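Q: Contents of target34.pdb (PDB, C-alpha atoms) are below:
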```
MODEL        1
ATOM      1  CA  MET A  13       0.000   0.000   0.000
ATOM      2  CA  ILE A  14       1.182   3.507  -0.808
ATOM      3  CA  PRO A  15       1.545   4.989   2.665
ATOM      4  CA  ASN A  16       0.913   8.688   2.149
ATOM      5  CA  MET A  17      -2.460   8.850   0.401
ATOM      6  CA  LEU A  18      -3.820  11.152   3.108
ATOM      7  CA  GLU A  19      -0.827  13.387   2.663
ATOM      8  CA  TYR A  20      -1.567  13.650  -1.071
ATOM      9  CA  TYR A  21      -5.186  14.346  -0.337
ATOM     10  CA  ASN A  22      -4.394  17.056   2.173
ATOM     11  CA  SER A  23      -1.858  18.682  -0.106
ATOM     12  CA  THR A  24      -4.560  19.099  -2.764
ATOM     13  CA  LYS A  25      -6.559  21.083  -0.196
ATOM     14  CA  LYS A  26      -3.569  23.146   0.810
ATOM     15  CA  TYR A  27      -3.062  24.307  -2.793
ATOM     16  CA  ASP A  28      -6.791  24.697  -3.603
ATOM     17  CA  VAL A  29      -6.607  21.924  -6.167
ATOM     18  CA  ASP A  30      -9.874  21.104  -7.952
ATOM     19  CA  ILE A  31      -8.568  18.457 -10.305
ATOM     20  CA  ILE A  32      -5.310  16.579 -10.472
ATOM     21  CA  TYR A  33      -4.217  14.022 -13.037
ATOM     22  CA  SER A  34      -0.999  12.239 -13.765
ATOM     23  CA  GLY A  35      -0.474   9.486 -16.290
ATOM     24  CA  ALA A  36      -0.861   8.552 -19.921
ATOM     25  CA  LEU A  37      -2.632  11.163 -22.042
ATOM     26  CA  TRP A  38      -5.136   9.027 -23.947
ATOM     27  CA  ALA A  39      -7.390  10.976 -26.300
ATOM     28  CA  ASP A  40     -10.576   9.830 -24.539
ATOM     29  CA  GLY A  41      -8.912  10.425 -21.170
ATOM     30  CA  ILE A  42      -8.280  14.046 -22.113
ATOM     31  CA  GLU A  43     -11.886  14.331 -23.243
ATOM     32  CA  GLY A  44     -13.076  12.928 -19.901
ATOM     33  CA  LEU A  45     -10.830  15.258 -17.962
ATOM     34  CA  GLY A  46     -12.244  18.122 -20.004
ATOM     35  CA  VAL A  47     -15.767  17.071 -19.008
ATOM     36  CA  ALA A  48     -14.741  17.030 -15.329
ATOM     37  CA  LEU A  49     -13.196  20.451 -15.702
ATOM     38  CA  ARG A  50     -16.306  21.921 -17.260
ATOM     39  CA  ARG A  51     -18.564  20.257 -14.707
ATOM     40  CA  HIS A  52     -16.501  21.868 -11.966
ATOM     41  CA  MET A  53     -16.788  25.314 -13.567
ATOM     42  CA  GLU A  54     -20.533  24.960 -14.135
ATOM     43  CA  PHE A  55     -21.163  25.700 -10.481
ATOM     44  CA  GLU A  56     -18.859  28.678 -10.303
ATOM     45  CA  HIS A  57     -21.146  31.099 -12.192
ATOM     46  CA  MET A  58     -18.433  32.095 -14.611
ATOM     47  CA  THR A  59     -18.924  33.983 -17.872
ATOM     48  CA  LEU A  60     -18.671  31.901 -21.031
ATOM     49  CA  THR A  61     -15.440  33.690 -21.921
ATOM     50  CA  ALA A  62     -13.860  32.855 -18.545
ATOM     51  CA  SER A  63     -14.782  29.170 -18.649
ATOM     52  CA  GLN A  64     -13.796  28.859 -22.327
ATOM     53  CA  SER A  65     -10.444  30.444 -21.477
ATOM     54  CA  VAL A  66      -9.714  27.899 -18.749
ATOM     55  CA  PHE A  67     -10.824  25.068 -21.017
ATOM     56  CA  SER A  68      -8.731  26.369 -23.888
ATOM     57  CA  VAL A  69      -5.566  26.614 -21.778
ATOM     58  CA  PHE A  70      -6.174  23.046 -20.576
ATOM     59  CA  ILE A  71      -6.568  21.735 -24.138
ATOM     60  CA  GLU A  72      -3.486  23.548 -25.442
ATOM     61  CA  GLN A  73      -1.387  22.373 -22.491
ATOM     62  CA  MET A  74      -2.494  18.814 -23.241
ATOM     63  CA  ASN A  75      -1.538  19.242 -26.895
ATOM     64  CA  ASN A  76       1.783  20.666 -25.890
ATOM     65  CA  MET A  77       2.480  17.648 -23.696
ATOM     66  CA  LEU A  78       1.382  15.239 -26.437
ATOM     67  CA  MET A  79       3.902  16.890 -28.705
ATOM     68  CA  TYR A  80       6.838  17.200 -26.338
ATOM     69  CA  SER A  81       6.518  14.578 -23.618
ATOM     70  CA  ALA A  82       9.547  12.298 -23.652
ATOM     71  CA  GLU A  83       7.999   9.712 -21.345
ATOM     72  CA  LYS A  84       5.566   7.308 -22.901
ATOM     73  CA  VAL A  85       3.447   4.336 -22.018
ATOM     74  CA  ASP A  86       4.102   1.677 -24.648
ATOM     75  CA  VAL A  87       1.080   0.574 -26.619
ATOM     76  CA  ASP A  88       3.085  -1.712 -28.871
ATOM     77  CA  GLU A  89       6.641  -1.707 -30.176
ATOM     78  CA  HIS A  90       6.004   1.240 -32.507
ATOM     79  CA  ARG A  91       3.638   3.373 -30.571
ATOM     80  CA  GLY A  92       3.493   4.983 -27.168
ATOM     81  CA  VAL A  93       1.108   7.329 -25.424
ATOM     82  CA  PRO A  94       2.805  10.396 -23.933
ATOM     83  CA  LYS A  95       2.662  10.860 -20.189
ATOM     84  CA  GLY A  96       1.993  14.096 -18.401
ATOM     85  CA  ALA A  97       0.509  15.698 -15.317
ATOM     86  CA  PHE A  98      -2.118  18.377 -14.946
ATOM     87  CA  ILE A  99      -3.494  20.393 -12.055
ATOM     88  CA  LEU A 100      -6.429  22.770 -12.009
ATOM     89  CA  ALA A 101      -6.566  24.924  -8.899
ATOM     90  CA  SER A 102      -8.759  27.907  -8.084
ATOM     91  CA  LYS A 103      -9.138  30.554  -5.444
ATOM     92  CA  ASP A 104     -11.420  33.602  -5.473
ATOM     93  CA  LYS A 105     -12.358  33.054  -9.135
ATOM     94  CA  VAL A 106      -8.742  32.984 -10.277
ATOM     95  CA  TYR A 107      -7.857  29.713 -11.951
ATOM     96  CA  ILE A 108      -4.476  28.087 -12.224
ATOM     97  CA  ALA A 109      -3.863  25.520 -14.946
ATOM     98  CA  GLN A 110      -0.526  23.819 -14.533
ATOM     99  CA  SER A 111       0.970  21.117 -16.694
ATOM    100  CA  GLY A 112       4.077  19.034 -16.134
ATOM    101  CA  ASN A 113       5.955  16.646 -18.355
ATOM    102  CA  VAL A 114       9.364  15.212 -19.030
ATOM    103  CA  MET A 115      10.919  16.526 -22.216
ATOM    104  CA  LYS A 116      14.175  16.289 -24.097
ATOM    105  CA  THR A 117      16.607  18.874 -22.757
ATOM    106  CA  GLU A 118      17.531  19.803 -26.337
ATOM    107  CA  ASN A 119      13.992  21.224 -26.827
ATOM    108  CA  ALA A 120      13.911  23.131 -23.550
ATOM    109  CA  GLU A 121      15.664  26.239 -24.794
ATOM    110  CA  LEU A 122      13.221  26.668 -27.676
ATOM    111  CA  VAL A 123      10.216  26.393 -25.361
ATOM    112  CA  ARG A 124      11.775  28.788 -22.857
ATOM    113  CA  SER A 125      12.541  31.414 -25.503
ATOM    114  CA  ARG A 126       9.045  31.085 -26.976
ATOM    115  CA  ILE A 127       7.397  31.636 -23.600
ATOM    116  CA  ASP A 128       9.714  34.567 -22.760
ATOM    117  CA  HIS A 129       8.858  36.139 -26.090
ATOM    118  CA  LEU A 130       5.107  35.739 -25.473
ATOM    119  CA  ASN A 131       5.417  37.075 -21.922
ATOM    120  CA  SER A 132       6.914  40.279 -23.290
ATOM    121  CA  MET A 133       3.777  41.054 -25.331
ATOM    122  CA  ASP A 134       0.500  42.697 -24.363
ATOM    123  CA  LYS A 135      -2.932  41.390 -25.485
ATOM    124  CA  GLN A 136      -3.040  43.434 -28.699
ATOM    125  CA  GLU A 137       0.442  42.309 -29.691
ATOM    126  CA  LEU A 138      -0.477  38.694 -28.944
ATOM    127  CA  ARG A 139      -3.558  38.921 -31.149
ATOM    128  CA  LYS A 140      -1.480  40.334 -33.972
ATOM    129  CA  TYR A 141       1.272  37.766 -33.486
ATOM    130  CA  TYR A 142      -1.278  34.916 -33.485
ATOM    131  CA  LYS A 143      -2.602  36.082 -36.841
ATOM    132  CA  GLU A 144       0.875  36.384 -38.298
ATOM    133  CA  GLN A 145       1.635  32.830 -37.206
ATOM    134  CA  LEU A 146      -1.627  31.536 -38.715
ATOM    135  CA  ARG A 147      -0.668  33.138 -42.014
ATOM    136  CA  SER A 148       2.853  31.735 -42.017
ATOM    137  CA  GLU A 149       1.609  28.298 -40.936
ATOM    138  CA  ASN A 150      -0.751  28.464 -43.895
ATOM    139  CA  LEU A 151       2.305  28.531 -46.124
ATOM    140  CA  ASN A 152       3.876  25.635 -44.272
ATOM    141  CA  PRO A 153       1.332  22.802 -44.181
ATOM    142  CA  GLU A 154       3.811  20.309 -42.696
ATOM    143  CA  SER A 155       4.179  22.255 -39.476
ATOM    144  CA  LYS A 156       2.456  20.799 -36.420
ATOM    145  CA  GLY A 157       1.500  24.239 -35.221
ATOM    146  CA  ALA A 158       3.254  23.995 -31.860
ATOM    147  CA  GLY A 159       3.825  27.727 -31.841
ATOM    148  CA  ILE A 160       0.152  28.647 -32.183
ATOM    149  CA  GLY A 161      -0.928  26.602 -29.154
ATOM    150  CA  LEU A 162       1.447  28.513 -26.909
ATOM    151  CA  ILE A 163       0.230  31.845 -28.280
ATOM    152  CA  GLU A 164      -3.353  30.770 -27.573
ATOM    153  CA  ILE A 165      -2.332  30.011 -23.972
ATOM    154  CA  ALA A 166      -0.696  33.435 -23.637
ATOM    155  CA  LYS A 167      -3.806  35.116 -25.063
ATOM    156  CA  ARG A 168      -6.018  33.505 -22.424
ATOM    157  CA  ALA A 169      -3.641  34.057 -19.485
ATOM    158  CA  SER A 170      -4.232  36.954 -17.125
ATOM    159  CA  ALA A 171      -0.600  37.065 -15.949
ATOM    160  CA  PRO A 172       2.751  36.114 -17.504
ATOM    161  CA  ILE A 173       3.158  32.361 -17.978
ATOM    162  CA  GLU A 174       5.307  30.939 -15.187
ATOM    163  CA  TYR A 175       7.539  27.993 -15.886
ATOM    164  CA  GLU A 176      10.304  25.858 -14.488
ATOM    165  CA  PHE A 177      12.809  23.525 -16.104
ATOM    166  CA  ILE A 178      14.183  20.948 -13.682
ATOM    167  CA  PRO A 179      16.990  18.528 -14.632
ATOM    168  CA  TYR A 180      15.588  14.999 -14.888
ATOM    169  CA  GLY A 181      18.398  12.599 -15.644
ATOM    170  CA  GLU A 182      20.423  12.066 -18.788
ATOM    171  CA  GLY A 183      19.311  14.403 -21.580
ATOM    172  CA  LEU A 184      15.920  14.990 -19.972
ATOM    173  CA  THR A 185      14.231  17.918 -18.275
ATOM    174  CA  PHE A 186      11.016  18.144 -16.279
ATOM    175  CA  PHE A 187       9.047  21.080 -17.613
ATOM    176  CA  THR A 188       6.172  22.677 -15.759
ATOM    177  CA  MET A 189       4.069  25.553 -17.016
ATOM    178  CA  CYS A 190       1.695  27.503 -14.789
ATOM    179  CA  VAL A 191      -1.016  29.682 -16.307
ATOM    180  CA  LYS A 192      -3.297  32.024 -14.360
ATOM    181  CA  ILE A 193      -6.715  32.817 -15.799
ATOM    182  CA  GLY A 194      -9.251  35.266 -14.445
TER
ATOM    183  CA  MET B  26     -20.397  11.396 -58.440
ATOM    184  CA  THR B  27     -20.916  14.395 -56.269
ATOM    185  CA  PHE B  28     -19.088  14.516 -52.975
ATOM    186  CA  TYR B  29     -21.171  13.970 -49.865
ATOM    187  CA  PHE B  30     -19.765  13.720 -46.372
ATOM    188  CA  GLU B  31     -21.651  13.724 -43.115
ATOM    189  CA  LYS B  32     -20.421  12.927 -39.632
ATOM    190  CA  GLU B  33     -22.235  13.251 -36.321
ATOM    191  CA  LYS B  34     -20.551  15.135 -33.529
ATOM    192  CA  THR B  35     -18.641  13.446 -30.707
ATOM    193  CA  GLY B  36     -17.265  14.877 -27.457
ATOM    194  CA  SER B  37     -14.295  16.474 -29.149
ATOM    195  CA  THR B  38     -15.260  16.597 -32.820
ATOM    196  CA  PRO B  39     -17.966  18.686 -34.511
ATOM    197  CA  TYR B  40     -20.877  17.790 -36.758
ATOM    198  CA  VAL B  41     -19.648  18.055 -40.344
ATOM    199  CA  LEU B  42     -21.696  18.149 -43.525
ATOM    200  CA  VAL B  43     -20.317  18.704 -47.000
ATOM    201  CA  ASP B  44     -22.903  18.409 -49.741
ATOM    202  CA  GLU B  45     -21.479  19.212 -53.151
ATOM    203  CA  GLY B  46     -24.874  18.762 -54.829
ATOM    204  CA  LYS B  47     -26.485  21.379 -52.628
ATOM    205  CA  LYS B  48     -23.301  23.491 -52.561
ATOM    206  CA  TYR B  49     -23.438  23.533 -48.813
ATOM    207  CA  ILE B  50     -20.912  23.049 -46.009
ATOM    208  CA  ASN B  51     -21.798  23.037 -42.329
ATOM    209  CA  ILE B  52     -19.451  22.584 -39.384
ATOM    210  CA  LYS B  53     -21.085  22.828 -36.006
ATOM    211  CA  GLY B  54     -20.066  22.258 -32.400
ATOM    212  CA  GLU B  55     -16.689  21.850 -30.798
ATOM    213  CA  SER B  56     -13.359  20.707 -32.148
ATOM    214  CA  TYR B  57     -10.449  19.817 -29.912
ATOM    215  CA  HIS B  58      -9.521  16.252 -30.754
ATOM    216  CA  GLU B  59      -5.756  15.739 -30.581
ATOM    217  CA  ASN B  60      -5.787  14.495 -34.149
ATOM    218  CA  VAL B  61      -7.993  17.057 -35.800
ATOM    219  CA  ILE B  62      -6.063  16.899 -39.083
ATOM    220  CA  GLU B  63      -6.892  13.224 -39.433
ATOM    221  CA  PHE B  64     -10.540  13.951 -38.591
ATOM    222  CA  PHE B  65     -10.875  16.530 -41.371
ATOM    223  CA  LYS B  66      -8.648  14.701 -43.872
ATOM    224  CA  GLU B  67     -11.363  13.436 -46.215
ATOM    225  CA  VAL B  68     -13.061  16.819 -46.413
ATOM    226  CA  ASN B  69      -9.774  18.646 -46.759
ATOM    227  CA  ASP B  70      -8.492  16.354 -49.516
ATOM    228  CA  TRP B  71     -11.690  16.897 -51.461
ATOM    229  CA  LEU B  72     -11.720  20.640 -50.900
ATOM    230  CA  ASN B  73      -8.073  21.190 -51.783
ATOM    231  CA  ASP B  74      -8.544  19.520 -55.177
ATOM    232  CA  TYR B  75     -11.799  21.295 -55.829
ATOM    233  CA  THR B  76     -11.933  24.796 -57.206
ATOM    234  CA  GLU B  77     -15.497  24.965 -58.531
ATOM    235  CA  LEU B  78     -16.983  26.501 -55.448
ATOM    236  CA  ASP B  79     -19.263  28.976 -57.185
ATOM    237  CA  GLY B  80     -22.484  29.379 -55.221
ATOM    238  CA  PHE B  81     -21.224  27.543 -52.125
ATOM    239  CA  VAL B  82     -22.437  28.503 -48.672
ATOM    240  CA  PHE B  83     -20.389  27.533 -45.621
ATOM    241  CA  ASP B  84     -22.141  27.826 -42.258
ATOM    242  CA  CYS B  85     -19.507  27.652 -39.525
ATOM    243  CA  GLU B  86     -21.203  27.388 -36.119
ATOM    244  CA  MET B  87     -18.485  26.636 -33.621
ATOM    245  CA  LEU B  88     -18.764  26.916 -29.854
ATOM    246  CA  TYR B  89     -15.109  26.236 -29.229
ATOM    247  CA  PHE B  90     -12.106  24.985 -31.181
ATOM    248  CA  ASN B  91      -8.445  24.478 -30.378
ATOM    249  CA  SER B  92      -5.477  26.069 -32.111
ATOM    250  CA  SER B  93      -4.917  23.116 -34.487
ATOM    251  CA  THR B  94      -8.517  23.503 -35.650
ATOM    252  CA  ALA B  95      -8.028  27.266 -36.004
ATOM    253  CA  LYS B  96      -5.125  26.581 -38.328
ATOM    254  CA  LEU B  97      -7.163  24.076 -40.299
ATOM    255  CA  LEU B  98     -10.227  26.339 -40.617
ATOM    256  CA  TYR B  99      -8.003  29.223 -41.632
ATOM    257  CA  ASN B 100      -6.413  27.122 -44.381
ATOM    258  CA  MET B 101      -9.834  25.959 -45.603
ATOM    259  CA  LEU B 102     -11.080  29.538 -45.708
ATOM    260  CA  MET B 103      -7.945  30.757 -47.490
ATOM    261  CA  HIS B 104      -8.488  28.103 -50.148
ATOM    262  CA  MET B 105     -12.084  29.264 -50.553
ATOM    263  CA  ASP B 106     -10.898  32.850 -50.732
ATOM    264  CA  ASP B 107      -8.459  31.917 -53.507
ATOM    265  CA  CYS B 108     -11.360  30.340 -55.415
ATOM    266  CA  ALA B 109     -13.423  33.467 -54.815
ATOM    267  CA  ALA B 110     -10.575  35.534 -56.253
ATOM    268  CA  LYS B 111     -10.985  33.559 -59.488
ATOM    269  CA  GLY B 112     -14.625  34.567 -59.752
ATOM    270  CA  ASN B 113     -16.443  31.997 -57.590
ATOM    271  CA  LYS B 114     -19.160  33.492 -55.458
ATOM    272  CA  ILE B 115     -18.785  32.024 -51.975
ATOM    273  CA  THR B 116     -20.537  32.944 -48.744
ATOM    274  CA  VAL B 117     -19.219  32.100 -45.292
ATOM    275  CA  ASN B 118     -21.502  32.601 -42.306
ATOM    276  CA  TRP B 119     -19.560  32.654 -39.040
ATOM    277  CA  ILE B 120     -22.443  31.950 -36.683
ATOM    278  CA  THR B 121     -22.112  32.486 -32.946
ATOM    279  CA  THR B 122     -23.754  34.022 -29.901
ATOM    280  CA  GLN B 123     -23.257  37.406 -28.263
ATOM    281  CA  ASP B 124     -21.508  35.964 -25.200
ATOM    282  CA  ASN B 125     -18.932  33.969 -27.160
ATOM    283  CA  ASP B 126     -16.188  36.622 -27.236
ATOM    284  CA  ILE B 127     -13.454  34.200 -28.234
ATOM    285  CA  ILE B 128     -15.294  32.936 -31.320
ATOM    286  CA  ILE B 129     -16.355  36.471 -32.297
ATOM    287  CA  GLU B 130     -12.772  37.725 -32.043
ATOM    288  CA  CYS B 131     -11.502  34.814 -34.094
ATOM    289  CA  GLY B 132     -14.178  35.500 -36.725
ATOM    290  CA  GLU B 133     -13.058  39.120 -36.928
ATOM    291  CA  ASP B 134      -9.443  38.042 -37.352
ATOM    292  CA  PHE B 135     -10.348  35.597 -40.121
ATOM    293  CA  GLN B 136     -12.649  38.106 -41.803
ATOM    294  CA  GLU B 137      -9.761  40.552 -42.145
ATOM    295  CA  ASP B 138      -7.799  38.119 -44.301
ATOM    296  CA  MET B 139     -10.680  37.124 -46.591
ATOM    297  CA  SER B 140     -10.800  39.772 -49.267
ATOM    298  CA  ASN B 141     -12.727  37.920 -51.986
ATOM    299  CA  LEU B 142     -15.424  35.778 -50.440
ATOM    300  CA  THR B 143     -18.385  37.151 -48.483
ATOM    301  CA  PHE B 144     -17.674  36.635 -44.799
ATOM    302  CA  ASN B 145     -20.610  37.393 -42.497
ATOM    303  CA  ILE B 146     -20.336  37.306 -38.735
ATOM    304  CA  VAL B 147     -23.824  36.317 -37.631
ATOM    305  CA  ILE B 148     -24.573  36.875 -33.957
ATOM    306  CA  ASN B 149     -27.707  35.141 -32.696
TER
ENDMDL
END
```
Let me see whether you can do it: turn the structure in this file into structure tokens.

A:
Amino acid sequence: MIPNMLEYYNSTKKYDVDIIYSGALWADGIEGLGVALRRHMEFEHMTLTASQSVFSVFIEQMNNMLMYSAEKVDVDEHRGVPKGAFILASKDKVYIAQSGNVMKTENAELVRSRIDHLNSMDKQELRKYYKEQLRSENLNPESKGAGIGLIEIAKRASAPIEYEFIPYGEGLTFFTMCVKIG
Amino acid sequence: MTFYFEKEKTGSTPYVLVDEGKKYINIKGESYHENVIEFFKEVNDWLNDYTELDGFVFDCEMLYFNSSTAKLLYNMLMHMDDCAAKGNKITVNWITTQDNDIIIECGEDFQEDMSNLTFNIVIN
């Protein structure tokens, strides 16, 4: 038996956690988590824009983890499902959506510089930048659009995106991104 | 053979109807499946090879979509706009509700880039 279940449970209260998930990011699992998230917000009397913003950050963080997570659960010898962690916390109508995943250290610098760049922009600049990226992605159909998801997150955030890169063994880094909404 | 495609909505994918005979396209609901490109592949393949869009109406009634879908919709609309530039008359109705600020803003952004087709933002 895992001895500190109560400790985990109490720590969720300490940090005002509404939802916590850690594990393989199956498509239907993400969908289910999204349902739980919306159900939680239903009773908070939020505007549509506020609840859509939280939901949107959640979805883009999930996509980001699907793209970058370096830890996978093997489905068969060719395919694995990326692993990641997600926390939704809230206090006084301010939401925190935080994701965490292991990634290749070689990609960390790119992610860091992208977030720093987005954090330096105001809402109008972000809107303009998002459109520019849509146009350039239109000319590059092979791109997976990783850049646009991060811009969407920045557009919905009410404060600069916080992040941390923590060394995680040979060539790997644990990346966590914290987004405030509201 | 005219192209006909219809798919009911699921939790993370929208209702999609493409009816070449009736010159009508309808996408309605939410779109945030991780593999949205795969979901729209059949429609996209048809559309990208098809330039006779004269008289087409596209009703786009989305509640929410993720950034991959935004990219995909934008590319679809740009293709339609290119066809419109060659003389096709195409109408896009971006249908939403007053409280859906995110969808309205996105519609405005898309509208700015469509210089040839008719792009209406319809607020119900």

Q: Skipping near chain neighbours, those fewer than 4 positions away, what residues fall within 12 Å of Met105 in chain B using all atoms listed in the file, listed as a VMD selection string?

A: chain B and resid 50 69 72 to 83 98 to 101 109 to 117 138 to 144

Q: Within 12 Å of (13.5, 20.9, -13.1) (coordinates as in the file), grab all the protein and nucleic acid residues, counting all atoms listed in the file, and write them out as a list in words.

A: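 Residues with an atom close enough to that point: Gly112, Asn113, Val114, Met115, Lys116, Thr117, Ala120, Tyr175, Glu176, Phe177, Ile178, Pro179, Tyr180, Gly181, Leu184, Thr185, Phe186, Phe187, Thr188 and Met189 of chain A.
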
Q: Between B:Tyr49, B:Phe135, B:Trp71, B:Phe30, single out the one closest to chain A, counting only C-alpha atoms.

A: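 Closest residue, counting only C-alpha atoms: B:Phe135.
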
Q: Please determine the contact residues of chain A with respect to chain B at a cut-off of 7 Å, counting only C-alpha atoms, and supply them as a list in words.

A: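 Every residue of chain A that passes the 7 Å test is in Ala39, Glu43, Leu60, Thr61, Ser68, Asn75, Leu146, Asn150, Gly157, Ile160, Gly161 and Glu164 of chain A.
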
Q: Find the residues around Lys167 in chain A up to 12 Å (only C-alpha atoms counted), leave out those fewer than 6 positions away in its own chain, and share them as a ChimeraX atom specification.

A: /A:65-66,68-69,72,127,130-131,133-143,160-161,173,191-194 /B:92,127,130-131

Q: Could you tell me how far CA of Met79 in chain A sits from CA of Val29 in chain A, in Å to one decimal place?

A: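 Straight-line distance from CA of Val29 in chain A to CA of Met79 in chain A works out to 25.4 Å.
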
Q: So the first atom is CA of His57 in chain A and the second is CA of Thr122 in chain B; what is the distance between them in Å, to one decimal place?

A: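 Separation between CA of His57 in chain A and CA of Thr122 in chain B: 18.1 Å.
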
Q: Please indicate the distance in Å from CA of Ile165 in chain A to CA of Gln73 in chain A, rounded to one decimal place.

A: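 Between CA of Ile165 in chain A and CA of Gln73 in chain A the gap works out to 7.8 Å.
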